[in-house]
Amino acid sequence: MTKKKKPMSRSENMSRVKSKNTKPEVYLRKLLWHEGFRYRINYKDLPGSPDIYIPKYKTAIFVNGCFWHMHEGCNLSTIPKTNYDFWKEKLERNVVRDKNNYRELEYMGIKVIVVWGCEIKDMEKNETTKKRILSKLTDSIMEISNTYK
Ligand SMILES: [Zn+2]
């Protein structure tokens, strides 16, 4: 596939829901690797191309930006006042797409875990928080049950 290389315009850049190798993703990957988990990244064979997929535990992990994926009740998730209707529709479409992907994965017997951008931020800021969230995440990965809530 050939694609003309040109710098992305700001709006194109803004329109990318999921960029590859974003910092929060890389941060979490390193931690999981350190915990001994082995995974595939941006696994395109699965619905939604999970950011991290751990074959051993059939677990897909999505590192979701709070804005783009409308993290419920999070103050980083707001609909811009300018072009409100446009943004509302766009962001809500993302959420519907996310839910469909999660459902498909679960049909396939794959566990889905969502880690939010704000959680990663908190982990980076505070060692205690980091340990708490990481151990919760580790438990969820190794748990048998099939839920992403
Ligand atoms: Zn959030």
# chains A, B, ... in the order shown; residues from 1 in each chain; ligands from 1

call {"tool": "residues_near_ligand", "arguments": {"ligand": "ligand 1", "cutoff": "7 Å", "atoms": "only C-alpha atoms and all ligand atoms", "output": "number ranges by chain"}}
result
A: 66, 71, 74-77, 116-119

call {"tool": "residues_around", "arguments": {"residues": "range 124-128 of chain A", "least_positions_apart": "6", "cutoff": "10 Å", "atoms": "only C-alpha atoms", "output": "PyMOL selection string"}}
result
chain A and resi 24+27-28+118+134

call {"tool": "write_last_selection", "arguments": {"atoms": "N, CA, C and O atoms", "output": "mmCIF file, in the first residue's frame"}}
result
data_model
loop_
_atom_site.group_PDB
_atom_site.id
_atom_site.type_symbol
_atom_site.label_atom_id
_atom_site.label_comp_id
_atom_site.auth_asym_id
_atom_site.auth_seq_id
_atom_site.Cartn_x
_atom_site.Cartn_y
_atom_site.Cartn_z
ATOM 1 N N PRO A 24 1.022 6.500 27.238
ATOM 2 C CA PRO A 24 0.390 5.668 28.272
ATOM 3 C C PRO A 24 0.449 4.174 27.955
ATOM 4 O O PRO A 24 0.688 3.350 28.843
ATOM 5 N N TYR A 27 3.988 2.920 28.546
ATOM 6 C CA TYR A 27 4.208 2.884 29.995
ATOM 7 C C TYR A 27 3.637 1.602 30.601
ATOM 8 O O TYR A 27 4.309 0.882 31.332
ATOM 9 N N LEU A 28 2.373 1.318 30.233
ATOM 10 C CA LEU A 28 1.713 0.141 30.787
ATOM 11 C C LEU A 28 2.362 -1.157 30.304
ATOM 12 O O LEU A 28 2.537 -2.106 31.066
ATOM 13 N N CYS A 118 -6.562 8.430 32.624
ATOM 14 C CA CYS A 118 -6.415 9.087 33.930
ATOM 15 C C CYS A 118 -5.798 8.141 34.959
ATOM 16 O O CYS A 118 -5.073 8.578 35.851
ATOM 17 N N LEU A 134 -1.706 -1.534 39.472
ATOM 18 C CA LEU A 134 -1.012 -2.628 38.788
ATOM 19 C C LEU A 134 -1.394 -3.993 39.375
ATOM 20 O O LEU A 134 -1.605 -4.953 38.630
#

call {"tool": "select_by_dssp", "arguments": {"residues": "range 43-149 of chain A", "states": "alpha helix (DSSP H)", "output": "JSON, numbers by chain"}}
result
{"A": [84, 85, 86, 87, 88, 89, 90, 91, 92, 93, 94, 95, 96, 97, 98, 99, 100, 101, 102, 103, 104, 105, 106, 107, 117, 118, 119, 120, 121, 122, 123, 124, 125, 127, 128, 129, 130, 131, 132, 133, 134, 135, 136, 137, 138, 139, 140, 141, 142]}

call {"tool": "closest_residue", "arguments": {"among": "A:Met108, A:Val26, A:Tyr39, A:Leu32", "to": "Ile133 in chain A", "atoms": "only C-alpha atoms"}}
result
A:Leu32

call {"tool": "closest_residue", "arguments": {"among": "A:Asn94, A:Thr82, A:Asn64, A:Thr138", "to": "Val114 in chain A", "atoms": "only C-alpha atoms"}}
result
A:Asn64

call {"tool": "residues_around", "arguments": {"residues": "Ile54 in chain A", "least_positions_apart": "4", "cutoff": "12 Å", "atoms": "only C-alpha atoms", "output": "PyMOL selection string"}}
result
chain A and resi 29+32-33+36-43+46+50+58-62+110-113+138+141-142

call {"tool": "write_last_selection", "arguments": {"atoms": "N, CA and C atoms", "output": "PDB file, in the first residue's frame"}}
result
ATOM      1  N   ARG A  29       2.721  -1.177  29.027  1.00  0.00           N
ATOM      2  CA  ARG A  29       3.385  -2.349  28.462  1.00  0.00           C
ATOM      3  C   ARG A  29       4.640  -2.710  29.228  1.00  0.00           C
ATOM      4  N   LEU A  32       3.823  -4.288  32.540  1.00  0.00           N
ATOM      5  CA  LEU A  32       3.320  -5.656  32.408  1.00  0.00           C
ATOM      6  C   LEU A  32       4.437  -6.616  32.034  1.00  0.00           C
ATOM      7  N   TRP A  33       5.321  -6.145  31.173  1.00  0.00           N
ATOM      8  CA  TRP A  33       6.473  -6.957  30.769  1.00  0.00           C
ATOM      9  C   TRP A  33       7.305  -7.292  32.002  1.00  0.00           C
ATOM     10  N   GLY A  36       6.201  -9.962  34.058  1.00  0.00           N
ATOM     11  CA  GLY A  36       6.362 -11.291  33.473  1.00  0.00           C
ATOM     12  C   GLY A  36       5.345 -11.648  32.402  1.00  0.00           C
ATOM     13  N   PHE A  37       4.450 -10.709  32.087  1.00  0.00           N
ATOM     14  CA  PHE A  37       3.471 -10.995  31.037  1.00  0.00           C
ATOM     15  C   PHE A  37       4.109 -10.841  29.667  1.00  0.00           C
ATOM     16  N   ARG A  38       3.755 -11.746  28.778  1.00  0.00           N
ATOM     17  CA  ARG A  38       4.220 -11.632  27.401  1.00  0.00           C
ATOM     18  C   ARG A  38       3.005 -11.395  26.526  1.00  0.00           C
ATOM     19  N   TYR A  39       3.154 -10.496  25.570  1.00  0.00           N
ATOM     20  CA  TYR A  39       1.960 -10.035  24.851  1.00  0.00           C
ATOM     21  C   TYR A  39       2.270  -9.652  23.419  1.00  0.00           C
ATOM     22  N   ARG A  40       1.198  -9.452  22.668  1.00  0.00           N
ATOM     23  CA  ARG A  40       1.314  -8.880  21.339  1.00  0.00           C
ATOM     24  C   ARG A  40       0.766  -7.472  21.415  1.00  0.00           C
ATOM     25  N   ILE A  41       1.282  -6.602  20.576  1.00  0.00           N
ATOM     26  CA  ILE A  41       0.772  -5.229  20.630  1.00  0.00           C
ATOM     27  C   ILE A  41       0.032  -4.878  19.346  1.00  0.00           C
ATOM     28  N   ASN A  42      -0.972  -3.998  19.487  1.00  0.00           N
ATOM     29  CA  ASN A  42      -1.802  -3.565  18.355  1.00  0.00           C
ATOM     30  C   ASN A  42      -2.208  -4.765  17.502  1.00  0.00           C
ATOM     31  N   TYR A  43      -2.802  -5.724  18.185  1.00  0.00           N
ATOM     32  CA  TYR A  43      -3.077  -7.010  17.558  1.00  0.00           C
ATOM     33  C   TYR A  43      -4.262  -6.915  16.594  1.00  0.00           C
ATOM     34  N   LEU A  46      -7.598  -9.208  15.968  1.00  0.00           N
ATOM     35  CA  LEU A  46      -8.726  -9.208  16.889  1.00  0.00           C
ATOM     36  C   LEU A  46      -9.542  -7.925  16.738  1.00  0.00           C
ATOM     37  N   PRO A  50      -6.667  -4.712  19.881  1.00  0.00           N
ATOM     38  CA  PRO A  50      -6.292  -4.394  21.267  1.00  0.00           C
ATOM     39  C   PRO A  50      -4.857  -3.867  21.377  1.00  0.00           C
ATOM     40  N   LYS A  58      -5.648 -15.154  27.399  1.00  0.00           N
ATOM     41  CA  LYS A  58      -6.698 -14.718  26.480  1.00  0.00           C
ATOM     42  C   LYS A  58      -7.306 -13.394  26.948  1.00  0.00           C
ATOM     43  N   THR A  59      -6.445 -12.436  27.142  1.00  0.00           N
ATOM     44  CA  THR A  59      -6.871 -11.148  27.670  1.00  0.00           C
ATOM     45  C   THR A  59      -6.456 -10.009  26.744  1.00  0.00           C
ATOM     46  N   ALA A  60      -7.440  -9.190  26.410  1.00  0.00           N
ATOM     47  CA  ALA A  60      -7.171  -8.003  25.602  1.00  0.00           C
ATOM     48  C   ALA A  60      -7.239  -6.772  26.490  1.00  0.00           C
ATOM     49  N   ILE A  61      -6.229  -5.934  26.385  1.00  0.00           N
ATOM     50  CA  ILE A  61      -6.214  -4.709  27.183  1.00  0.00           C
ATOM     51  C   ILE A  61      -6.236  -3.495  26.260  1.00  0.00           C
ATOM     52  N   PHE A  62      -7.178  -2.619  26.540  1.00  0.00           N
ATOM     53  CA  PHE A  62      -7.253  -1.368  25.798  1.00  0.00           C
ATOM     54  C   PHE A  62      -6.841  -0.229  26.721  1.00  0.00           C
ATOM     55  N   ILE A 110     -12.584 -14.042  24.856  1.00  0.00           N
ATOM     56  CA  ILE A 110     -11.448 -13.214  25.255  1.00  0.00           C
ATOM     57  C   ILE A 110     -11.890 -12.203  26.303  1.00  0.00           C
ATOM     58  N   LYS A 111     -11.137 -12.125  27.347  1.00  0.00           N
ATOM     59  CA  LYS A 111     -11.434 -11.173  28.411  1.00  0.00           C
ATOM     60  C   LYS A 111     -10.980  -9.778  27.992  1.00  0.00           C
ATOM     61  N   VAL A 112     -11.787  -8.795  28.317  1.00  0.00           N
ATOM     62  CA  VAL A 112     -11.455  -7.425  27.937  1.00  0.00           C
ATOM     63  C   VAL A 112     -11.237  -6.574  29.183  1.00  0.00           C
ATOM     64  N   ILE A 113     -10.124  -5.902  29.211  1.00  0.00           N
ATOM     65  CA  ILE A 113      -9.832  -4.987  30.317  1.00  0.00           C
ATOM     66  C   ILE A 113      -9.544  -3.610  29.733  1.00  0.00           C
ATOM     67  N   THR A 138      -3.171  -6.929  37.379  1.00  0.00           N
ATOM     68  CA  THR A 138      -2.577  -8.264  37.329  1.00  0.00           C
ATOM     69  C   THR A 138      -3.595  -9.323  37.753  1.00  0.00           C
ATOM     70  N   ILE A 141      -6.135  -9.838  35.007  1.00  0.00           N
ATOM     71  CA  ILE A 141      -5.589 -10.583  33.871  1.00  0.00           C
ATOM     72  C   ILE A 141      -5.615 -12.081  34.166  1.00  0.00           C
ATOM     73  N   MET A 142      -5.252 -12.438  35.383  1.00  0.00           N
ATOM     74  CA  MET A 142      -5.114 -13.854  35.716  1.00  0.00           C
ATOM     75  C   MET A 142      -6.423 -14.485  36.172  1.00  0.00           C
TER      76      MET A 142
END

call {"tool": "atom_distance", "arguments": {"atom1": "CA of Arg93 in chain A", "atom2": "CA of Thr78 in chain A"}}
result
14.8 Å

call {"tool": "select_by_dssp", "arguments": {"residues": "range 48-142 of chain A", "states": "strand (DSSP E or B)", "output": "MDAnalysis selection string"}}
result
chainID A and resid 52:54 59:64 111:116

call {"tool": "write_last_selection", "arguments": {"atoms": "all heavy atoms", "output": "compact mmCIF listing (two decimals), in the first residue's frame"}}
result
# COMPACT_ATOMS: atom_id res chain seq x y z
N ILE A 52 -2.89 -4.21 23.82
CA ILE A 52 -2.08 -5.28 24.38
C ILE A 52 -2.93 -6.54 24.38
O ILE A 52 -4.08 -6.52 24.80
CB ILE A 52 -1.68 -4.94 25.85
CG1 ILE A 52 -0.83 -3.65 25.88
CG2 ILE A 52 -0.93 -6.10 26.50
CD1 ILE A 52 -0.64 -3.06 27.27
N TYR A 53 -2.36 -7.63 23.89
CA TYR A 53 -3.08 -8.91 23.96
C TYR A 53 -2.18 -9.96 24.58
O TYR A 53 -1.06 -10.17 24.12
CB TYR A 53 -3.56 -9.36 22.58
CG TYR A 53 -4.25 -10.70 22.63
CD1 TYR A 53 -5.45 -10.83 23.33
CD2 TYR A 53 -3.69 -11.83 22.05
CE1 TYR A 53 -6.09 -12.06 23.43
CE2 TYR A 53 -4.32 -13.07 22.15
CZ TYR A 53 -5.53 -13.18 22.85
OH TYR A 53 -6.16 -14.40 22.95
N ILE A 54 -2.68 -10.58 25.63
CA ILE A 54 -1.88 -11.59 26.33
C ILE A 54 -2.46 -12.97 26.02
O ILE A 54 -3.48 -13.37 26.59
CB ILE A 54 -1.89 -11.33 27.86
CG1 ILE A 54 -1.42 -9.89 28.13
CG2 ILE A 54 -1.01 -12.34 28.59
CD1 ILE A 54 -1.55 -9.45 29.57
N THR A 59 -6.44 -12.44 27.14
CA THR A 59 -6.87 -11.15 27.67
C THR A 59 -6.46 -10.01 26.74
O THR A 59 -5.30 -9.93 26.34
CB THR A 59 -6.24 -10.91 29.07
OG1 THR A 59 -6.72 -11.92 29.96
CG2 THR A 59 -6.61 -9.55 29.62
N ALA A 60 -7.44 -9.19 26.41
CA ALA A 60 -7.17 -8.00 25.60
C ALA A 60 -7.24 -6.77 26.49
O ALA A 60 -8.18 -6.61 27.27
CB ALA A 60 -8.19 -7.89 24.48
N ILE A 61 -6.23 -5.93 26.39
CA ILE A 61 -6.21 -4.71 27.18
C ILE A 61 -6.24 -3.50 26.26
O ILE A 61 -5.45 -3.40 25.32
CB ILE A 61 -4.97 -4.65 28.10
CG1 ILE A 61 -4.95 -5.86 29.04
CG2 ILE A 61 -4.95 -3.35 28.91
CD1 ILE A 61 -3.69 -5.97 29.88
N PHE A 62 -7.18 -2.62 26.54
CA PHE A 62 -7.25 -1.37 25.80
C PHE A 62 -6.84 -0.23 26.72
O PHE A 62 -7.35 -0.12 27.84
CB PHE A 62 -8.69 -1.11 25.32
CG PHE A 62 -9.14 -2.07 24.25
CD1 PHE A 62 -9.73 -3.28 24.58
CD2 PHE A 62 -8.96 -1.75 22.91
CE1 PHE A 62 -10.14 -4.17 23.60
CE2 PHE A 62 -9.36 -2.64 21.91
CZ PHE A 62 -9.95 -3.85 22.25
N VAL A 63 -5.93 0.58 26.25
CA VAL A 63 -5.56 1.77 27.00
C VAL A 63 -6.32 2.92 26.34
O VAL A 63 -6.00 3.34 25.24
CB VAL A 63 -4.04 2.02 26.96
CG1 VAL A 63 -3.67 3.26 27.77
CG2 VAL A 63 -3.27 0.80 27.47
N ASN A 64 -7.37 3.36 27.00
CA ASN A 64 -8.28 4.33 26.39
C ASN A 64 -8.08 5.75 26.90
O ASN A 64 -8.05 5.98 28.11
CB ASN A 64 -9.74 3.93 26.66
CG ASN A 64 -10.20 2.79 25.77
OD1 ASN A 64 -9.49 2.39 24.84
ND2 ASN A 64 -11.38 2.29 26.03
N LYS A 111 -11.14 -12.12 27.35
CA LYS A 111 -11.43 -11.17 28.41
C LYS A 111 -10.98 -9.78 27.99
O LYS A 111 -9.93 -9.62 27.38
CB LYS A 111 -10.71 -11.62 29.68
CG LYS A 111 -10.93 -10.73 30.86
CD LYS A 111 -10.48 -11.41 32.14
CE LYS A 111 -9.08 -11.95 32.02
NZ LYS A 111 -8.70 -12.85 33.09
N VAL A 112 -11.79 -8.79 28.32
CA VAL A 112 -11.45 -7.42 27.94
C VAL A 112 -11.24 -6.57 29.18
O VAL A 112 -12.06 -6.57 30.09
CB VAL A 112 -12.58 -6.79 27.09
CG1 VAL A 112 -12.28 -5.33 26.77
CG2 VAL A 112 -12.80 -7.58 25.81
N ILE A 113 -10.12 -5.90 29.21
CA ILE A 113 -9.83 -4.99 30.32
C ILE A 113 -9.54 -3.61 29.73
O ILE A 113 -8.78 -3.48 28.78
CB ILE A 113 -8.61 -5.46 31.14
CG1 ILE A 113 -8.91 -6.82 31.80
CG2 ILE A 113 -8.25 -4.43 32.20
CD1 ILE A 113 -7.70 -7.43 32.49
N VAL A 114 -10.20 -2.60 30.29
CA VAL A 114 -9.95 -1.23 29.85
C VAL A 114 -9.17 -0.51 30.94
O VAL A 114 -9.55 -0.51 32.10
CB VAL A 114 -11.26 -0.47 29.57
CG1 VAL A 114 -10.99 1.00 29.25
CG2 VAL A 114 -12.02 -1.13 28.42
N VAL A 115 -8.05 0.08 30.54
CA VAL A 115 -7.31 0.93 31.46
C VAL A 115 -7.42 2.35 30.93
O VAL A 115 -7.19 2.61 29.74
CB VAL A 115 -5.82 0.51 31.55
CG1 VAL A 115 -5.05 1.41 32.50
CG2 VAL A 115 -5.71 -0.94 32.02
N TRP A 116 -7.84 3.26 31.79
CA TRP A 116 -8.09 4.64 31.35
C TRP A 116 -6.85 5.52 31.47
O TRP A 116 -6.02 5.32 32.36
CB TRP A 116 -9.24 5.23 32.16
CG TRP A 116 -10.53 4.56 31.84
CD1 TRP A 116 -11.14 3.56 32.55
CD2 TRP A 116 -11.36 4.80 30.69
NE1 TRP A 116 -12.30 3.18 31.91
CE2 TRP A 116 -12.45 3.92 30.78
CE3 TRP A 116 -11.27 5.68 29.59
CZ2 TRP A 116 -13.46 3.89 29.81
CZ3 TRP A 116 -12.27 5.65 28.63
CH2 TRP A 116 -13.35 4.76 28.75

call {"tool": "atom_distance", "arguments": {"atom1": "CA of Lys136 in chain A", "atom2": "CA of Lys30 in chain A"}}
result
16.3 Å

call {"tool": "atom_distance", "arguments": {"atom1": "CA of Ile120 in chain A", "atom2": "CA of Lys23 in chain A"}}
result
9.6 Å

call {"tool": "decode", "arguments": {"residues": "range 105-125 of chain A", "atoms": "N, CA, C and O atoms", "output": "mmCIF file, in the first residue's frame"}}
result
data_model
loop_
_atom_site.group_PDB
_atom_site.id
_atom_site.type_symbol
_atom_site.label_atom_id
_atom_site.label_comp_id
_atom_site.auth_asym_id
_atom_site.auth_seq_id
_atom_site.Cartn_x
_atom_site.Cartn_y
_atom_site.Cartn_z
ATOM 1 N N LEU A 105 -15.165 -9.574 21.199
ATOM 2 C CA LEU A 105 -14.044 -10.255 21.851
ATOM 3 C C LEU A 105 -14.554 -11.245 22.890
ATOM 4 O O LEU A 105 -14.075 -12.374 22.984
ATOM 5 N N GLU A 106 -15.546 -10.818 23.648
ATOM 6 C CA GLU A 106 -16.072 -11.697 24.690
ATOM 7 C C GLU A 106 -16.759 -12.919 24.095
ATOM 8 O O GLU A 106 -16.675 -14.010 24.646
ATOM 9 N N TYR A 107 -17.416 -12.720 22.959
ATOM 10 C CA TYR A 107 -17.990 -13.862 22.240
ATOM 11 C C TYR A 107 -16.906 -14.874 21.900
ATOM 12 O O TYR A 107 -17.128 -16.075 21.852
ATOM 13 N N MET A 108 -15.720 -14.343 21.590
ATOM 14 C CA MET A 108 -14.597 -15.204 21.212
ATOM 15 C C MET A 108 -13.919 -15.815 22.435
ATOM 16 O O MET A 108 -12.899 -16.488 22.320
ATOM 17 N N GLY A 109 -14.456 -15.521 23.598
ATOM 18 C CA GLY A 109 -13.884 -16.059 24.827
ATOM 19 C C GLY A 109 -12.670 -15.285 25.312
ATOM 20 O O GLY A 109 -11.844 -15.800 26.054
ATOM 21 N N ILE A 110 -12.584 -14.042 24.856
ATOM 22 C CA ILE A 110 -11.448 -13.214 25.255
ATOM 23 C C ILE A 110 -11.890 -12.203 26.303
ATOM 24 O O ILE A 110 -12.919 -11.540 26.139
ATOM 25 N N LYS A 111 -11.137 -12.125 27.347
ATOM 26 C CA LYS A 111 -11.434 -11.173 28.411
ATOM 27 C C LYS A 111 -10.980 -9.778 27.992
ATOM 28 O O LYS A 111 -9.929 -9.623 27.380
ATOM 29 N N VAL A 112 -11.787 -8.795 28.317
ATOM 30 C CA VAL A 112 -11.455 -7.425 27.937
ATOM 31 C C VAL A 112 -11.237 -6.574 29.183
ATOM 32 O O VAL A 112 -12.056 -6.570 30.093
ATOM 33 N N ILE A 113 -10.124 -5.902 29.211
ATOM 34 C CA ILE A 113 -9.832 -4.987 30.317
ATOM 35 C C ILE A 113 -9.544 -3.610 29.733
ATOM 36 O O ILE A 113 -8.776 -3.478 28.782
ATOM 37 N N VAL A 114 -10.204 -2.603 30.285
ATOM 38 C CA VAL A 114 -9.945 -1.234 29.846
ATOM 39 C C VAL A 114 -9.166 -0.505 30.937
ATOM 40 O O VAL A 114 -9.552 -0.514 32.098
ATOM 41 N N VAL A 115 -8.052 0.080 30.540
ATOM 42 C CA VAL A 115 -7.305 0.930 31.459
ATOM 43 C C VAL A 115 -7.423 2.354 30.931
ATOM 44 O O VAL A 115 -7.189 2.605 29.742
ATOM 45 N N TRP A 116 -7.836 3.263 31.790
ATOM 46 C CA TRP A 116 -8.091 4.635 31.350
ATOM 47 C C TRP A 116 -6.854 5.521 31.469
ATOM 48 O O TRP A 116 -6.019 5.319 32.357
ATOM 49 N N GLY A 117 -6.806 6.499 30.588
ATOM 50 C CA GLY A 117 -5.699 7.449 30.578
ATOM 51 C C GLY A 117 -5.468 8.092 31.930
ATOM 52 O O GLY A 117 -4.325 8.253 32.364
ATOM 53 N N CYS A 118 -6.562 8.430 32.624
ATOM 54 C CA CYS A 118 -6.415 9.087 33.930
ATOM 55 C C CYS A 118 -5.798 8.141 34.959
ATOM 56 O O CYS A 118 -5.073 8.578 35.851
ATOM 57 N N GLU A 119 -6.060 6.847 34.823
ATOM 58 C CA GLU A 119 -5.448 5.873 35.743
ATOM 59 C C GLU A 119 -3.937 5.813 35.525
ATOM 60 O O GLU A 119 -3.153 5.729 36.471
ATOM 61 N N ILE A 120 -3.560 5.841 34.243
ATOM 62 C CA ILE A 120 -2.132 5.824 33.915
ATOM 63 C C ILE A 120 -1.460 7.078 34.483
ATOM 64 O O ILE A 120 -0.383 7.018 35.071
ATOM 65 N N LYS A 121 -2.146 8.218 34.305
ATOM 66 C CA LYS A 121 -1.593 9.476 34.836
ATOM 67 C C LYS A 121 -1.379 9.387 36.340
ATOM 68 O O LYS A 121 -0.348 9.809 36.862
ATOM 69 N N ASP A 122 -2.376 8.840 37.039
ATOM 70 C CA ASP A 122 -2.268 8.690 38.487
ATOM 71 C C ASP A 122 -1.123 7.746 38.857
ATOM 72 O O ASP A 122 -0.424 7.967 39.842
ATOM 73 N N MET A 123 -0.963 6.713 38.056
ATOM 74 C CA MET A 123 0.113 5.751 38.326
ATOM 75 C C MET A 123 1.482 6.412 38.177
ATOM 76 O O MET A 123 2.392 6.148 38.950
ATOM 77 N N GLU A 124 1.581 7.260 37.170
ATOM 78 C CA GLU A 124 2.866 7.922 36.920
ATOM 79 C C GLU A 124 3.213 8.906 38.032
ATOM 80 O O GLU A 124 4.371 9.170 38.311
ATOM 81 N N LYS A 125 2.149 9.444 38.642
ATOM 82 C CA LYS A 125 2.355 10.472 39.657
ATOM 83 C C LYS A 125 2.705 9.910 41.035
ATOM 84 O O LYS A 125 3.366 10.549 41.824
#
